[in-house]
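Heads up, coords_0.tsv below (TSV, C-alpha atoms and all ligand atoms):
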```tsv
chain	number	residue	atom	x	y	z
W	6	MET	CA	-13.14	20.52	-6.50
W	7	ASN	CA	-12.47	17.14	-4.89
W	8	ILE	CA	-11.22	16.72	-1.32
W	9	TYR	CA	-7.66	15.95	-2.50
W	10	ASP	CA	-7.38	19.19	-4.48
W	11	LYS	CA	-9.01	21.15	-1.68
W	12	LEU	CA	-6.44	19.88	0.86
W	13	LYS	CA	-3.56	20.71	-1.51
W	14	LYS	CA	-4.93	24.21	-2.04
W	15	GLU	CA	-4.87	24.68	1.74
W	16	GLY	CA	-1.13	24.01	1.64
W	17	TRP	CA	-0.96	20.34	2.58
W	18	THR	CA	1.40	17.96	0.84
W	19	ILE	CA	0.59	14.36	0.03
W	20	GLU	CA	3.50	11.97	-0.31
W	21	VAL	CA	3.70	8.38	-1.45
W	22	GLY	CA	6.47	6.25	0.03
W	23	TRP	CA	7.61	3.60	2.47
W	24	ILE	CA	6.80	4.29	6.15
W	25	GLY	CA	6.97	0.90	7.85
W	26	ARG	CA	5.56	-2.61	7.67
W	27	ASN	CA	2.61	-1.79	9.97
W	28	THR	CA	1.67	1.69	8.76
W	29	PHE	CA	-0.48	2.23	5.68
W	30	GLY	CA	-0.42	5.98	6.10
W	31	ASP	CA	0.06	8.83	8.53
W	32	CYS	CA	-0.84	12.45	9.02
W	33	SER	CA	1.22	15.30	10.50
W	34	HIS	CA	-0.64	18.50	11.38
W	35	ASP	CA	2.66	20.26	12.15
W	36	ARG	CA	3.98	19.55	8.66
W	37	GLU	CA	0.55	19.62	7.00
W	38	ARG	CA	1.49	16.37	5.36
W	39	ILE	CA	-0.20	13.07	4.60
W	40	ARG	CA	1.90	10.07	3.64
W	41	ILE	CA	0.54	6.96	1.94
W	42	ASN	CA	2.49	3.70	2.04
W	43	VAL	CA	1.52	2.45	-1.42
W	44	GLN	CA	4.26	-0.19	-1.34
W	45	LEU	CA	2.76	-1.82	1.75
W	46	LEU	CA	-0.80	-1.55	0.39
W	47	VAL	CA	0.19	-3.33	-2.82
W	48	VAL	CA	2.30	-6.03	-1.16
W	49	GLU	CA	-0.24	-6.69	1.62
W	50	THR	CA	-3.08	-6.97	-0.89
W	51	PHE	CA	-1.06	-9.27	-3.13
W	52	LEU	CA	-0.07	-11.55	-0.23
W	53	HIS	CA	-3.66	-11.71	0.98
W	54	GLU	CA	-4.92	-12.72	-2.45
W	55	TRP	CA	-1.95	-15.05	-2.92
W	56	TYR	CA	-3.00	-16.98	0.21
W	57	HIS	CA	-6.54	-17.20	-1.19
W	58	ALA	CA	-5.17	-18.47	-4.52
W	59	ARG	CA	-3.01	-21.09	-2.82
W	60	ASN	CA	-5.57	-22.14	-0.18
W	61	GLU	CA	-9.05	-22.12	-1.64
W	62	ASP	CA	-10.62	-23.56	1.51
W	63	TRP	CA	-9.09	-21.09	4.00
W	64	SER	CA	-11.38	-18.72	5.87
W	65	GLU	CA	-10.96	-14.95	5.61
W	66	ALA	CA	-9.63	-14.88	9.18
W	67	LYS	CA	-7.01	-17.54	8.40
W	68	VAL	CA	-5.86	-15.67	5.28
W	69	GLU	CA	-5.61	-12.42	7.24
W	70	LYS	CA	-3.61	-14.09	10.00
W	71	ALA	CA	-1.20	-15.73	7.54
W	72	THR	CA	-0.77	-12.48	5.63
W	73	TYR	CA	0.00	-10.53	8.80
W	74	LYS	CA	2.47	-13.16	9.97
W	75	ARG	CA	4.25	-13.18	6.61
W	76	LEU	CA	4.47	-9.38	6.54
W	77	GLN	CA	6.14	-9.34	9.95
W	78	HIS	CA	8.92	-11.65	8.75
W	79	MET	CA	9.72	-10.10	5.39
W	80	THR	CA	12.88	-8.04	4.97
W	81	ILE	CA	12.74	-4.59	3.40
W	82	SER	CA	14.49	-5.93	0.29
W	83	GLU	CA	11.86	-8.69	0.02
W	84	PHE	CA	9.15	-6.00	0.17
W	85	GLU	CA	10.93	-4.03	-2.55
W	86	GLU	CA	11.50	-7.06	-4.75
W	87	LEU	CA	7.86	-8.19	-4.52
W	88	TYR	CA	6.53	-4.67	-5.04
W	89	GLU	CA	8.68	-4.20	-8.13
W	90	ALA	CA	7.64	-7.60	-9.54
W	91	ILE	CA	3.93	-6.76	-9.13
W	92	ILE	CA	4.16	-3.20	-10.45
W	93	MET	CA	6.39	-4.04	-13.40
W	94	ASP	CA	4.11	-6.88	-14.50
W	95	THR	CA	0.74	-5.14	-14.22
W	101	ZN	ZN	-9.82	-12.18	1.53
```
Write-out of the structure in C-alpha cells:
Amino acid sequence: MNIYDKLKKEGWTIEVGWIGRNTFGDCSHDRERIRINVQLLVVETFLHEWYHARNEDWSEAKVEKATYKRLQHMTISEFEELYEAIIMDT
C-alpha cells in the first residue's frame, strides 16, 4: 500500500483546490485533511517556463524572481483563465 492510500485508510481526506497565491498546500491535524493547490502549481510552473521560453539568457534566479512578482499581481480570474487554457490544451 502506498503512503497516499495508507493515509486515507487512517481517515484523512486529501482535497485539490485553490487555497491562495502563496500556498501550494496545507495540512490540518484537527480536520485530518491535506489540501493541494494544483491550480497554483500548474500556473506557477507554466509562468516559470514561460519566462525561460521568452528570455533564453535569463538566470534561474531572475526567472524565479519574475515569476514570483507576476504571481503577486495576477487576479484570481487571471489565474483561473490561465489554468483553464493550460489544462484544456494539454
Ligand atoms: Zn527554471
Pairwise distance for atom CA of Leu12 of chain W and atom CA of Asp31 of chain W, rounded to one decimal in Å | 14.9 Å
Which residues come within 6 Å of Val21 of chain W, counting all atoms listed in the file, excluding same-chain residues fewer than 4 positions away, as a VMD selection string?
-> chain W and resid 40 to 42
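Residues in contact with ligand ZN 101 (chain W) comprise W:Glu49, W:Thr50, W:Phe51, W:Leu52, W:His53, W:Glu54, W:Trp55, W:Tyr56, W:His57, W:Ala58, W:Asn60, W:Glu61, W:Asp62, W:Trp63, W:Ser64, W:Glu65, W:Ala66, W:Lys67, W:Val68, W:Glu69, W:Lys70, W:Ala71, W:Thr72, where contact means an atom-to-atom distance of at most 12 Å counting only C-alpha atoms and all ligand atoms.
Interatomic distance, atom CA of Ile92 of chain W against atom CA of Ile8 of chain W: 26.8 Å.
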Contacts of Leu45 of chain W at 10 Å or less, counting only C-alpha atoms, minus same-chain residues fewer than 2 places along, as a PyMOL selection string?
-> chain W and resi 22-30+41-43+47-51+76+84-85+88
Could you write those residues out with C-alpha atoms, as a short mmCIF file (atom, residue, chain, number, x, y, z; two decimals), in the coordinates of the input?
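File written: part.cif
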```cif
data_model
loop_
_atom_site.label_atom_id
_atom_site.label_comp_id
_atom_site.auth_asym_id
_atom_site.auth_seq_id
_atom_site.Cartn_x
_atom_site.Cartn_y
_atom_site.Cartn_z
CA GLY W 22 6.47 6.25 0.03
CA TRP W 23 7.61 3.60 2.47
CA ILE W 24 6.80 4.29 6.15
CA GLY W 25 6.97 0.90 7.85
CA ARG W 26 5.56 -2.61 7.67
CA ASN W 27 2.61 -1.79 9.97
CA THR W 28 1.67 1.69 8.76
CA PHE W 29 -0.48 2.23 5.68
CA GLY W 30 -0.42 5.98 6.10
CA ILE W 41 0.54 6.96 1.94
CA ASN W 42 2.49 3.70 2.04
CA VAL W 43 1.52 2.45 -1.42
CA VAL W 47 0.19 -3.33 -2.82
CA VAL W 48 2.30 -6.03 -1.16
CA GLU W 49 -0.24 -6.69 1.62
CA THR W 50 -3.08 -6.97 -0.89
CA PHE W 51 -1.06 -9.27 -3.13
CA LEU W 76 4.47 -9.38 6.54
CA PHE W 84 9.15 -6.00 0.17
CA GLU W 85 10.93 -4.03 -2.55
CA TYR W 88 6.53 -4.67 -5.04
#
```
Separation of atom CA of Asn7 of chain W and atom CA of Glu20 of chain W, in Å?
->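 Going from atom CA of Asn7 of chain W over to atom CA of Glu20 of chain W covers 17.4 Å.
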Box for segment 75-80 of chain W - axis-aligned, 5 Å on each of the six sides, all listed atoms - centre and size in Å to one decimal, as AutoDock Vina command-line options.
```
--center_x 8.6 --center_y -10.6 --center_z 7.5 --size_x 18.6 --size_y 15.1 --size_z 15.0
```
Counting only C-alpha atoms, closest pick from W:Ala90, W:Met6, W:Ile19, W:Met79 relative to Arg38 of chain W is W:Ile19
The residue from W:Glu37, W:Cys32, W:Gln44, W:Thr95 with the smallest atom-to-atom distance to Glu15 of chain W, counting only C-alpha atoms, is W:Glu37
